[in-house]
file model28.tsv (TSV, C-alpha atoms)
chain	number	residue	atom	x	y	z
A	1181	MET	CA	-1.39	23.52	-10.99
A	1182	THR	CA	-5.15	23.58	-10.87
A	1183	ILE	CA	-6.88	25.34	-8.06
A	1184	ALA	CA	-10.17	23.83	-7.07
A	1185	ILE	CA	-12.38	26.41	-5.47
A	1186	SER	CA	-15.50	24.73	-4.26
A	1187	PRO	CA	-18.40	26.99	-3.34
A	1188	LYS	CA	-19.07	24.95	-0.23
A	1189	ARG	CA	-16.14	24.11	2.00
A	1190	THR	CA	-16.68	21.04	4.07
A	1191	ALA	CA	-14.36	19.74	6.74
A	1192	ARG	CA	-14.48	16.37	4.99
A	1193	GLY	CA	-13.54	17.88	1.62
A	1194	ASP	CA	-10.73	19.83	3.23
A	1195	PHE	CA	-9.46	16.73	5.00
A	1196	LEU	CA	-9.39	14.76	1.73
A	1197	ALA	CA	-7.67	17.63	-0.11
A	1198	GLY	CA	-4.97	17.55	2.54
A	1199	ALA	CA	-4.71	13.76	2.42
A	1200	LYS	CA	-4.10	13.92	-1.34
A	1201	LEU	CA	-1.02	16.10	-0.78
A	1202	GLY	CA	0.30	13.49	1.62
A	1203	VAL	CA	0.52	10.73	-1.03
A	1204	PRO	CA	3.96	11.59	-2.49
A	1205	VAL	CA	5.24	12.19	1.04
A	1206	ILE	CA	4.11	8.73	2.13
A	1207	ILE	CA	5.80	7.15	-0.91
A	1208	ALA	CA	9.04	9.07	-0.42
A	1209	SER	CA	9.26	8.56	3.33
A	1210	ALA	CA	8.23	4.87	3.51
A	1211	PRO	CA	11.73	3.53	2.72
A	1212	PHE	CA	13.19	5.78	5.40
A	1213	ALA	CA	10.69	4.71	8.02
A	1214	ILE	CA	11.45	1.05	7.29
A	1215	LEU	CA	15.19	1.74	7.18
A	1216	PHE	CA	14.96	3.64	10.45
A	1217	GLY	CA	13.22	0.72	12.15
A	1218	ALA	CA	15.80	-1.74	10.85
A	1219	LEU	CA	18.77	0.43	11.89
A	1220	ALA	CA	17.25	1.15	15.31
A	1221	VAL	CA	17.07	-2.57	16.08
A	1222	ASP	CA	20.62	-2.97	14.73
A	1223	ASN	CA	21.70	-0.31	17.25
A	1224	GLY	CA	20.16	-2.10	20.20
A	1225	LEU	CA	16.64	-0.68	20.43
A	1226	SER	CA	13.68	-3.00	20.87
A	1227	VAL	CA	10.86	-3.02	18.32
A	1228	GLY	CA	8.69	-1.16	20.83
A	1229	GLU	CA	11.33	1.50	21.47
A	1230	ALA	CA	11.92	2.05	17.76
A	1231	THR	CA	8.19	2.49	17.17
A	1232	LEU	CA	7.85	4.78	20.18
A	1233	MET	CA	10.72	6.93	18.90
A	1234	SER	CA	8.93	7.44	15.56
A	1235	ALA	CA	5.65	8.19	17.31
A	1236	ALA	CA	7.10	10.62	19.87
A	1237	ILE	CA	9.78	12.50	17.89
A	1238	TYR	CA	8.33	12.21	14.35
A	1239	GLY	CA	11.36	13.63	12.55
A	1240	GLY	CA	13.20	11.23	10.26
A	1241	ALA	CA	16.65	12.77	10.04
A	1242	SER	CA	16.86	13.47	13.77
A	1243	GLN	CA	15.78	9.90	14.58
A	1244	MET	CA	18.55	8.57	12.32
A	1245	VAL	CA	21.10	10.74	14.09
A	1246	GLY	CA	19.72	9.64	17.45
A	1247	ILE	CA	20.06	5.91	16.82
A	1248	GLU	CA	23.47	6.44	15.23
A	1249	LEU	CA	24.63	7.99	18.53
A	1250	PHE	CA	22.98	5.25	20.62
A	1251	GLY	CA	25.57	2.92	19.17
A	1252	HIS	CA	28.47	5.16	20.27
A	1253	LYS	CA	27.96	5.13	24.04
A	1254	ILE	CA	27.60	8.91	24.18
A	1255	ALA	CA	26.10	10.78	27.16
A	1256	PRO	CA	22.26	10.78	26.91
A	1257	TRP	CA	21.95	14.59	27.10
A	1258	LEU	CA	24.33	14.88	24.13
A	1259	VAL	CA	22.13	12.54	22.09
A	1260	VAL	CA	19.09	14.64	23.02
A	1261	PHE	CA	20.98	17.80	22.09
A	1262	SER	CA	21.95	16.34	18.71
A	1263	ILE	CA	18.30	15.51	18.00
A	1264	PHE	CA	17.46	19.12	18.86
A	1265	ALA	CA	20.24	20.39	16.58
A	1266	VAL	CA	18.85	18.44	13.62
A	1267	ASN	CA	15.34	19.70	14.34
A	1268	PHE	CA	16.32	23.29	15.03
A	1269	ARG	CA	15.08	24.35	11.58
A	1270	HIS	CA	11.55	23.78	12.90
A	1271	VAL	CA	11.91	26.97	14.97
A	1272	LEU	CA	11.88	28.84	11.66
A	1273	TYR	CA	8.93	26.79	10.32
A	1274	SER	CA	7.06	27.47	13.53
A	1275	ALA	CA	7.60	31.22	13.37
A	1276	ALA	CA	6.64	31.34	9.69
A	1277	VAL	CA	3.60	29.08	9.86
A	1278	GLY	CA	2.24	30.74	13.01
A	1279	ARG	CA	1.22	33.64	10.75
A	1280	ARG	CA	-1.00	31.29	8.70
A	1281	ILE	CA	-2.88	29.63	11.55
A	1282	GLY	CA	-3.68	32.59	13.77
A	1283	HIS	CA	-7.40	31.71	13.55
A	1284	TRP	CA	-6.90	28.25	15.09
A	1285	SER	CA	-7.92	27.54	18.68
A	1286	PHE	CA	-5.30	26.97	21.36
A	1287	VAL	CA	-5.85	23.20	21.31
A	1288	GLU	CA	-5.66	23.07	17.50
A	1289	LYS	CA	-2.35	24.94	17.58
A	1290	THR	CA	-1.00	22.73	20.38
A	1291	VAL	CA	-1.83	19.62	18.34
A	1292	GLY	CA	-0.93	21.08	14.94
A	1293	PHE	CA	2.62	22.12	15.78
A	1294	PHE	CA	3.49	18.54	16.73
A	1295	PHE	CA	2.99	17.51	13.08
A	1296	LEU	CA	5.02	20.37	11.57
A	1297	VAL	CA	7.47	18.29	9.53
A	1298	ASP	CA	9.19	19.58	6.36
A	1299	PRO	CA	6.51	18.67	3.76
A	1300	GLN	CA	3.69	19.67	6.10
A	1301	TYR	CA	5.28	23.08	6.50
A	1302	ALA	CA	5.94	23.51	2.79
A	1303	GLU	CA	2.39	22.61	1.74
A	1304	THR	CA	0.94	24.88	4.41
A	1305	GLU	CA	2.95	27.81	3.03
A	1306	ARG	CA	1.94	26.97	-0.53
A	1307	ARG	CA	-1.73	26.74	0.32
A	1308	SER	CA	-1.57	30.07	2.07
A	1309	GLU	CA	0.34	31.55	-0.89
A	1310	ARG	CA	-2.52	30.54	-3.20
A	1311	GLY	CA	-4.85	32.53	-0.98
A	1312	GLU	CA	-6.65	29.47	0.34
A	1313	ARG	CA	-7.61	29.12	3.97
A	1314	VAL	CA	-5.32	26.90	6.02
A	1315	GLY	CA	-7.95	25.08	8.06
A	1316	PHE	CA	-7.29	22.58	10.81
A	1317	ALA	CA	-9.20	19.84	8.92
A	1318	TRP	CA	-7.06	20.35	5.80
A	1319	TYR	CA	-3.87	20.39	7.88
A	1320	MET	CA	-4.71	17.20	9.78
A	1321	GLY	CA	-5.90	15.56	6.57
A	1322	MET	CA	-2.37	15.85	5.29
A	1323	ALA	CA	-0.67	15.17	8.63
A	1324	LEU	CA	-2.46	12.11	10.01
A	1325	PRO	CA	-1.99	9.60	7.14
A	1326	ILE	CA	1.70	10.54	6.88
A	1327	TYR	CA	2.13	10.18	10.63
A	1328	VAL	CA	0.30	6.86	10.91
A	1329	CYS	CA	2.26	5.41	7.97
A	1330	TRP	CA	5.52	6.68	9.44
A	1331	VAL	CA	4.91	5.04	12.81
A	1332	VAL	CA	3.56	1.75	11.42
A	1333	GLU	CA	6.36	1.44	8.83
A	1334	SER	CA	8.98	2.12	11.49
A	1335	GLY	CA	7.53	-0.75	13.52
A	1336	LEU	CA	7.49	-3.02	10.45
A	1337	GLY	CA	11.10	-2.10	9.64
A	1338	ALA	CA	12.11	-2.86	13.21
A	1339	ALA	CA	10.32	-6.22	13.18
A	1340	PHE	CA	11.25	-7.37	9.68
A	1341	GLY	CA	14.32	-5.27	8.83
A	1342	ARG	CA	16.43	-8.32	8.09
A	1343	LEU	CA	14.41	-8.95	4.93
A	1344	LEU	CA	15.32	-5.61	3.30
A	1345	PRO	CA	16.14	-5.69	-0.43
A	1346	ASP	CA	18.97	-3.74	-2.03
A	1347	THR	CA	17.69	-0.22	-1.46
A	1348	LYS	CA	20.29	1.42	-3.68
A	1349	ALA	CA	19.31	-0.43	-6.86
A	1350	LEU	CA	15.72	0.71	-6.37
A	1351	GLY	CA	16.88	4.29	-5.91
A	1352	ILE	CA	14.98	4.77	-2.69
A	1353	ASP	CA	17.90	6.28	-0.79
A	1354	PHE	CA	17.72	9.34	-3.06
A	1355	LEU	CA	13.94	9.86	-3.26
A	1356	LEU	CA	13.85	12.41	-0.45
A	1357	PRO	CA	16.32	14.86	-2.04
A	1358	ILE	CA	14.23	14.72	-5.25
A	1359	TYR	CA	11.08	15.35	-3.23
A	1360	PHE	CA	12.69	18.26	-1.35
A	1361	LEU	CA	13.85	19.77	-4.64
A	1362	GLY	CA	10.21	19.65	-5.76
A	1363	LEU	CA	9.24	21.61	-2.65
A	1364	VAL	CA	11.99	24.17	-3.30
A	1365	MET	CA	10.75	24.62	-6.89
A	1366	GLY	CA	7.22	25.17	-5.58
A	1367	PHE	CA	8.33	28.48	-4.04
A	1368	ARG	CA	9.97	29.88	-7.17
A	1369	ALA	CA	7.43	32.71	-7.47
A	1370	ARG	CA	8.56	34.28	-4.18
A	1371	SER	CA	10.72	37.38	-3.92
A	1372	PHE	CA	14.46	36.70	-4.03
A	1373	TRP	CA	13.85	32.99	-4.64
A	1374	PHE	CA	16.87	32.43	-6.83
A	1375	PRO	CA	19.44	34.34	-4.73
A	1376	VAL	CA	18.09	32.69	-1.57
A	1377	VAL	CA	18.38	29.20	-3.09
A	1378	ALA	CA	21.85	29.92	-4.50
A	1379	VAL	CA	23.22	31.32	-1.24
A	1380	SER	CA	21.66	28.56	0.90
A	1381	ALA	CA	23.00	25.88	-1.45
A	1382	VAL	CA	26.55	27.22	-1.39
A	1383	ALA	CA	26.47	27.95	2.35
A	1384	SER	CA	25.11	24.49	3.21
A	1385	ILE	CA	27.76	22.76	1.08
A	1386	VAL	CA	30.57	24.84	2.60
A	1387	THR	CA	29.36	24.31	6.18
A	1388	TYR	CA	28.73	20.62	5.46
A	1389	ARG	CA	32.44	20.37	4.61
A	1390	LEU	CA	33.79	22.69	7.34
A	1391	VAL	CA	31.43	22.16	10.29
A	1392	GLY	CA	29.66	18.95	9.39
A	1393	SER	CA	26.15	17.57	9.52
A	1394	PRO	CA	23.58	18.49	10.89
A	1395	TRP	CA	24.79	22.06	11.36
A	1396	HIS	CA	24.87	22.71	7.62
A	1397	VAL	CA	21.06	22.83	7.65
A	1398	SER	CA	20.73	25.63	10.21
A	1399	LEU	CA	23.81	27.53	9.00
A	1400	GLY	CA	22.96	27.20	5.31
A	1401	ALA	CA	19.36	28.26	5.90
A	1402	ALA	CA	20.48	31.18	8.09
A	1403	ALA	CA	22.58	32.49	5.20
A	1404	GLY	CA	19.60	32.43	2.82
A	1405	VAL	CA	17.21	33.98	5.35
A	1406	ALA	CA	19.75	36.71	6.22
A	1407	LEU	CA	20.15	37.53	2.55
A	1408	ALA	CA	16.39	37.95	2.09
A	1409	ALA	CA	16.15	40.08	5.25
A	1410	SER	CA	18.95	42.35	4.07
A	1411	MET	CA	17.51	42.94	0.58
A	1412	PRO	CA	15.57	46.12	-0.17
A	1413	PRO	CA	11.80	45.39	0.02
A	1414	PRO	CA	10.39	44.22	-3.32
A	1415	ALA	CA	8.28	46.58	-5.45
A	1416	GLY	CA	4.69	46.50	-4.26
A	1417	GLU	CA	4.99	47.07	-0.57
A	1418	GLY	CA	3.60	44.38	1.70
A	1419	LYS	CA	3.40	41.98	-1.22
A	1420	GLY	CA	5.31	39.17	0.46
A	1421	ARG	CA	2.71	37.49	2.61
B	55	MET	CA	12.89	4.13	33.08
B	56	SER	CA	15.77	2.95	30.88
B	57	GLU	CA	18.33	5.32	29.42
B	58	THR	CA	16.92	4.67	25.94
B	59	LEU	CA	13.46	5.80	27.05
B	60	TRP	CA	14.91	8.95	28.62
B	61	ILE	CA	16.60	9.82	25.35
B	62	ILE	CA	13.40	9.23	23.38
B	63	VAL	CA	11.32	11.36	25.75
B	64	GLY	CA	13.99	14.09	25.87
B	65	GLY	CA	14.34	14.11	22.08
B	66	ALA	CA	10.57	14.29	21.68
B	67	LEU	CA	10.26	17.23	24.10
B	68	MET	CA	13.09	19.17	22.45
B	69	THR	CA	11.61	18.54	19.00
B	70	TYR	CA	8.19	19.74	20.10
B	71	LEU	CA	9.82	22.76	21.69
B	72	ALA	CA	11.42	23.62	18.33
B	73	ARG	CA	8.07	23.19	16.57
B	74	VAL	CA	6.14	25.54	18.90
B	75	GLY	CA	9.05	27.77	19.93
B	76	GLY	CA	9.29	29.95	16.85
B	77	HIS	CA	5.60	30.78	17.01
B	78	LEU	CA	5.68	31.41	20.77
B	79	VAL	CA	8.50	33.92	20.37
B	80	LEU	CA	7.08	35.64	17.31
B	81	SER	CA	3.52	35.89	18.66
B	82	ARG	CA	4.78	38.10	21.51
B	83	PHE	CA	5.34	40.91	19.03
B	84	GLU	CA	2.36	42.91	17.86
B	85	ARG	CA	3.91	43.97	14.59
B	86	ILE	CA	6.45	42.07	12.57
B	87	HIS	CA	9.27	44.14	11.12
B	88	PRO	CA	9.33	44.03	7.29
B	89	ARG	CA	12.83	42.57	7.31
B	90	VAL	CA	11.76	39.78	9.67
B	91	GLU	CA	8.78	39.23	7.38
B	92	ALA	CA	11.07	39.05	4.34
B	93	GLY	CA	13.36	36.65	6.17
B	94	LEU	CA	10.46	34.40	7.17
B	95	ASN	CA	9.19	34.37	3.60
B	96	ALA	CA	12.59	33.03	2.54
B	97	VAL	CA	12.50	30.21	5.13
B	98	PRO	CA	11.00	27.43	2.98
B	99	ALA	CA	13.35	27.85	0.01
B	100	ALA	CA	16.37	28.41	2.27
B	101	VAL	CA	15.86	25.42	4.60
B	102	LEU	CA	14.68	22.95	1.96
B	103	THR	CA	17.64	23.84	-0.27
B	104	THR	CA	20.05	22.78	2.47
B	105	LEU	CA	18.41	19.34	2.45
B	106	VAL	CA	19.14	18.96	-1.28
B	107	ALA	CA	22.49	20.66	-1.92
B	108	PRO	CA	24.86	18.39	0.08
B	109	ALA	CA	23.07	15.29	-1.24
B	110	ALA	CA	23.57	16.62	-4.76
B	111	MET	CA	27.23	17.35	-4.04
B	112	ASN	CA	27.78	13.77	-2.85
B	113	GLY	CA	25.82	12.31	-5.77
B	114	GLY	CA	27.15	10.77	-8.97
B	115	VAL	CA	25.80	11.03	-12.52
B	116	PRO	CA	22.46	9.25	-11.85
B	117	GLU	CA	21.71	11.44	-8.81
B	118	LEU	CA	22.64	14.73	-10.51
B	119	ALA	CA	20.79	13.78	-13.70
B	120	SER	CA	17.65	12.87	-11.75
B	121	LEU	CA	17.72	16.22	-9.92
B	122	ALA	CA	18.29	18.11	-13.18
B	123	VAL	CA	15.42	16.36	-14.97
B	124	ALA	CA	13.07	16.59	-11.98
B	125	GLY	CA	13.95	20.28	-11.53
B	126	SER	CA	13.25	20.99	-15.21
B	127	VAL	CA	9.91	19.17	-15.07
B	128	ALA	CA	8.95	21.21	-12.00
B	129	TRP	CA	10.07	24.43	-13.67
B	130	PHE	CA	8.20	23.95	-16.96
B	131	TRP	CA	5.15	21.97	-15.90
B	132	GLY	CA	4.85	22.45	-12.16
B	133	GLY	CA	3.20	19.99	-9.85
B	134	MET	CA	4.83	17.60	-7.43
B	135	MET	CA	3.89	14.15	-8.75
B	136	PRO	CA	5.17	14.56	-12.35
B	137	MET	CA	8.57	15.85	-11.21
B	138	PHE	CA	8.85	13.26	-8.45
B	139	LEU	CA	8.01	10.28	-10.68
B	140	THR	CA	10.21	11.46	-13.57
B	141	GLY	CA	13.12	12.09	-11.23
B	142	GLY	CA	12.72	8.67	-9.62
B	143	ALA	CA	12.53	6.95	-13.03
B	144	VAL	CA	15.67	8.68	-14.32
B	145	LEU	CA	17.51	7.72	-11.13
B	146	ILE	CA	16.57	4.03	-11.29
B	147	VAL	CA	17.29	3.69	-15.03
B	148	LEU	CA	20.68	5.41	-14.84
B	149	ARG	CA	21.72	3.43	-11.78
B	150	HIS	CA	20.95	0.22	-13.63
B	151	LEU	CA	22.77	1.37	-16.79
B	152	LEU	CA	25.81	2.88	-15.06
B	153	GLY	CA	25.89	0.86	-11.87
call {"tool": "encode", "arguments": {"input": "model28.tsv", "output": "structure tokens"}}
result
Amino acid sequence: MTIAISPKRTARGDFLAGAKLGVPVIIASAPFAILFGALAVDNGLSVGEATLMSAAIYGGASQMVGIELFGHKIAPWLVVFSIFAVNFRHVLYSAAVGRRIGHWSFVEKTVGFFFLVDPQYAETERRSERGERVGFAWYMGMALPIYVCWVVESGLGAAFGRLLPDTKALGIDFLLPIYFLGLVMGFRARSFWFPVVAVSAVASIVTYRLVGSPWHVSLGAAAGVALAASMPPPAGEGKGR
Amino acid sequence: MSETLWIIVGGALMTYLARVGGHLVLSRFERIHPRVEAGLNAVPAAVLTTLVAPAAMNGGVPELASLAVAGSVAWFWGGMMPMFLTGGAVLIVLRHLLG
């Protein structure tokens, strides 16, 4: 991984550096945005509603769960609660990333937290880990193209979903797990990385079987976080930033 | 407003609440306990792992092979694009050969 340290930081340069990190995210999430739009219309949403859902919630897995429940005639508050359950992991992202953006203004924080999706969070942590400043321009440079593509592709999927090719043959249903694994690997230099990954993996698989989705995400992650919190502090006090 | 719109607005509010909530709670404390700090530092690996592990468990040979190859590429070379493209290529090729 090369680290480009330019003597002069410009907002424009920061924005473009962020946008570059968004490219694999846009590739990996495009099939899901289109699929979401198509499924939403299948489940009775209009094209406008499907697009609005992507624009307002901006969380792929929770949107999928939401439209799945639309089709089951379940009480509205229960659908809302299920969306919250899927997105509960963002509470942890929020707490962790708040330490990196303390220098942002109130408005920047208010806007920034809306875009705190999984890859956005992971890249923010990695940038901070490399000792680089997490600026608002860099953050939005990554966030905005991903967001715009997500919303537009959802609308396209809703409008033209009937024309979808065989997604399985192209492998696009499994691109996100590969991408997420890449993010996991990116943190391998952190204290207790391996035990945390091992415990979270086992705990998420067990709870996936016993409790079911989406709870395996929160429960599996809680196991890994609890393990790290219970470990003796690593040598070199205050090393973990 | 239709029921669908209520659900969308409610889901959006709850999601935003989750995305600001952790920071709002944590920023009330002046000092962060070292164990909380250690726990927060484990958040990315812990949460992201739970998005991979069940998918891997439900996967067949092409899925597991693509994760193994992509993981190895990430481990030895680092960088997101090389691991992502290699993993995707292995997945597509094996699905065509075995599917």
call {"tool": "atom_distance", "arguments": {"input": "model28.tsv", "atom1": "atom CA of His77 of chain B", "atom2": "atom CA of Arg1279 of chain A"}}
result
8.2 Å
call {"tool": "closest_residue", "arguments": {"input": "model28.tsv", "among": "A:Val1205, A:Ala1349, A:Ile1385, A:Val1405", "to": "Leu151 of chain B", "atoms": "only C-alpha atoms"}}
result
A:Ala1349
call {"tool": "axis_aligned_box", "arguments": {"input": "model28.tsv", "around": "segment 132-145 of chain B", "padding_each_side": "5 Å", "output": "JSON"}}
result
{"center_x": 10.4, "center_y": 14.7, "center_z": -10.9, "size_x": 24.3, "size_y": 25.5, "size_z": 16.9}
call {"tool": "closest_residue", "arguments": {"input": "model28.tsv", "among": "A:Ser1285, A:Ala1401, A:Ala1339, A:Val1376", "to": "Leu1272 of chain A", "atoms": "all atoms listed in the file"}}
result
A:Ala1401
call {"tool": "closest_residue", "arguments": {"input": "model28.tsv", "among": "A:Pro1375, A:Gly1292, A:Gly1228, A:Pro1325", "to": "Ile62 of chain B", "atoms": "only C-alpha atoms"}}
result
A:Gly1228
call {"tool": "residues_around", "arguments": {"input": "model28.tsv", "residues": "Trp1373 of chain A", "least_positions_apart": "5", "cutoff": "8 Å", "atoms": "all atoms listed in the file", "output": "CSV table (one decimal) with C-alpha atoms, keeping the file's coordinate frame"}}
result
chain,number,residue,atom,x,y,z
A,1367,PHE,CA,8.3,28.5,-4.0
A,1368,ARG,CA,10.0,29.9,-7.2
B,96,ALA,CA,12.6,33.0,2.5
B,99,ALA,CA,13.4,27.8,0.0
call {"tool": "closest_residue", "arguments": {"input": "model28.tsv", "among": "A:Gly1351, A:Pro1394, A:Gly1224, A:Pro1412", "to": "chain B", "atoms": "only C-alpha atoms"}}
result
A:Gly1351
call {"tool": "atom_distance", "arguments": {"input": "model28.tsv", "atom1": "atom CA of Arg1192 of chain A", "atom2": "atom CA of Phe1294 of chain A"}}
result
21.6 Å
call {"tool": "closest_residue", "arguments": {"input": "model28.tsv", "among": "B:Ala66, B:Val123, B:Ile86, B:Leu78", "to": "chain A", "atoms": "all atoms listed in the file"}}
result
B:Ala66
call {"tool": "residues_near_point", "arguments": {"input": "model28.tsv", "point": "(12.9, 46.9, 7.4)", "cutoff": "9 Å", "atoms": "all atoms listed in the file", "output": "ChimeraX atom specification"}}
result
/A:1409-1410,1412-1413 /B:87-92
call {"tool": "write_last_selection", "arguments": {"input": "model28.tsv", "atoms": "C-alpha atoms", "output": "PDB file, in the coordinates of the input"}}
result
ATOM      1  CA  ALA A1409      16.150  40.080   5.250  1.00  0.00           C
ATOM      2  CA  SER A1410      18.950  42.350   4.070  1.00  0.00           C
ATOM      3  CA  PRO A1412      15.570  46.120  -0.170  1.00  0.00           C
ATOM      4  CA  PRO A1413      11.800  45.390   0.020  1.00  0.00           C
TER       5      PRO A1413
ATOM      6  CA  HIS B  87       9.270  44.140  11.120  1.00  0.00           C
ATOM      7  CA  PRO B  88       9.330  44.030   7.290  1.00  0.00           C
ATOM      8  CA  ARG B  89      12.830  42.570   7.310  1.00  0.00           C
ATOM      9  CA  VAL B  90      11.760  39.780   9.670  1.00  0.00           C
ATOM     10  CA  GLU B  91       8.780  39.230   7.380  1.00  0.00           C
ATOM     11  CA  ALA B  92      11.070  39.050   4.340  1.00  0.00           C
TER      12      ALA B  92
END
call {"tool": "closest_residue", "arguments": {"input": "model28.tsv", "among": "A:Ile1263, A:Leu1363, A:Val1245, A:Ala1403", "to": "Met135 of chain B", "atoms": "only C-alpha atoms"}}
result
A:Leu1363
call {"tool": "atom_distance", "arguments": {"input": "model28.tsv", "atom1": "atom CA of Thr69 of chain B", "atom2": "atom CA of Phe1264 of chain A"}}
result
5.9 Å
call {"tool": "residues_around", "arguments": {"input": "model28.tsv", "residues": "Val74 of chain B", "least_positions_apart": "5", "cutoff": "10 Å", "atoms": "all atoms listed in the file", "output": "mmCIF file with C-alpha atoms, keeping the file's coordinate frame"}}
result
data_model
loop_
_atom_site.group_PDB
_atom_site.id
_atom_site.type_symbol
_atom_site.label_atom_id
_atom_site.label_comp_id
_atom_site.auth_asym_id
_atom_site.auth_seq_id
_atom_site.Cartn_x
_atom_site.Cartn_y
_atom_site.Cartn_z
ATOM 1 C CA HIS A 1270 11.550 23.780 12.900
ATOM 2 C CA VAL A 1271 11.910 26.970 14.970
ATOM 3 C CA LEU A 1272 11.880 28.840 11.660
ATOM 4 C CA TYR A 1273 8.930 26.790 10.320
ATOM 5 C CA SER A 1274 7.060 27.470 13.530
ATOM 6 C CA ALA A 1275 7.600 31.220 13.370
ATOM 7 C CA GLY A 1278 2.240 30.740 13.010
ATOM 8 C CA LYS A 1289 -2.350 24.940 17.580
ATOM 9 C CA THR A 1290 -1.000 22.730 20.380
ATOM 10 C CA VAL A 1291 -1.830 19.620 18.340
ATOM 11 C CA GLY A 1292 -0.930 21.080 14.940
ATOM 12 C CA PHE A 1293 2.620 22.120 15.780
ATOM 13 C CA PHE A 1294 3.490 18.540 16.730
ATOM 14 C CA LEU A 1296 5.020 20.370 11.570
ATOM 15 C CA THR B 69 11.610 18.540 19.000
ATOM 16 C CA VAL B 79 8.500 33.920 20.370
#
call {"tool": "residues_around", "arguments": {"input": "model28.tsv", "residues": "Ala128 of chain B", "least_positions_apart": "3", "cutoff": "12 Å", "atoms": "all atoms listed in the file", "output": "PyMOL selection string"}}
result
(chain A and resi 1181+1358-1368) or (chain B and resi 121-125+131-141)
call {"tool": "residues_around", "arguments": {"input": "model28.tsv", "residues": "segment 1248-1262 of chain A", "least_positions_apart": "2", "cutoff": "8 Å", "atoms": "all atoms listed in the file", "output": "list in words"}}
result
Asn1223, Gly1224, Ser1242, Met1244, Val1245, Gly1246, Phe1264, Ala1265 and Val1266 of chain A; Glu57, Trp60, Ile61, Ile62, Gly64, Gly65 and Met68 of chain B
call {"tool": "decode", "arguments": {"input": "model28.tsv", "residues": "segment 97-101 of chain B", "atoms": "all heavy atoms", "output": "PDB file, in the first residue's frame"}}
result
ATOM      1  N   VAL B  97     -13.908  -3.040  16.739  1.00  0.00           N
ATOM      2  CA  VAL B  97     -15.206  -2.976  16.041  1.00  0.00           C
ATOM      3  C   VAL B  97     -15.113  -3.333  14.554  1.00  0.00           C
ATOM      4  O   VAL B  97     -15.869  -4.174  14.079  1.00  0.00           O
ATOM      5  CB  VAL B  97     -15.870  -1.594  16.232  1.00  0.00           C
ATOM      6  CG1 VAL B  97     -17.001  -1.397  15.243  1.00  0.00           C
ATOM      7  CG2 VAL B  97     -16.392  -1.454  17.654  1.00  0.00           C
ATOM      8  N   PRO B  98     -14.182  -2.717  13.784  1.00  0.00           N
ATOM      9  CA  PRO B  98     -14.227  -3.006  12.346  1.00  0.00           C
ATOM     10  C   PRO B  98     -14.043  -4.494  12.035  1.00  0.00           C
ATOM     11  O   PRO B  98     -14.858  -5.057  11.302  1.00  0.00           O
ATOM     12  CB  PRO B  98     -13.079  -2.167  11.771  1.00  0.00           C
ATOM     13  CG  PRO B  98     -12.357  -1.563  12.905  1.00  0.00           C
ATOM     14  CD  PRO B  98     -13.191  -1.692  14.127  1.00  0.00           C
ATOM     15  N   ALA B  99     -13.000  -5.112  12.603  1.00  0.00           N
ATOM     16  CA  ALA B  99     -12.765  -6.531  12.302  1.00  0.00           C
ATOM     17  C   ALA B  99     -13.933  -7.381  12.782  1.00  0.00           C
ATOM     18  O   ALA B  99     -14.380  -8.297  12.078  1.00  0.00           O
ATOM     19  CB  ALA B  99     -11.454  -6.990  12.940  1.00  0.00           C
ATOM     20  N   ALA B 100     -14.468  -7.068  13.973  1.00  0.00           N
ATOM     21  CA  ALA B 100     -15.541  -7.887  14.543  1.00  0.00           C
ATOM     22  C   ALA B 100     -16.808  -7.801  13.692  1.00  0.00           C
ATOM     23  O   ALA B 100     -17.381  -8.822  13.302  1.00  0.00           O
ATOM     24  CB  ALA B 100     -15.829  -7.443  15.983  1.00  0.00           C
ATOM     25  N   VAL B 101     -17.258  -6.585  13.377  1.00  0.00           N
ATOM     26  CA  VAL B 101     -18.518  -6.440  12.636  1.00  0.00           C
ATOM     27  C   VAL B 101     -18.383  -6.971  11.213  1.00  0.00           C
ATOM     28  O   VAL B 101     -19.224  -7.725  10.730  1.00  0.00           O
ATOM     29  CB  VAL B 101     -18.980  -4.970  12.598  1.00  0.00           C
ATOM     30  CG1 VAL B 101     -20.268  -4.845  11.795  1.00  0.00           C
ATOM     31  CG2 VAL B 101     -19.189  -4.442  14.001  1.00  0.00           C
TER      32      VAL B 101
END
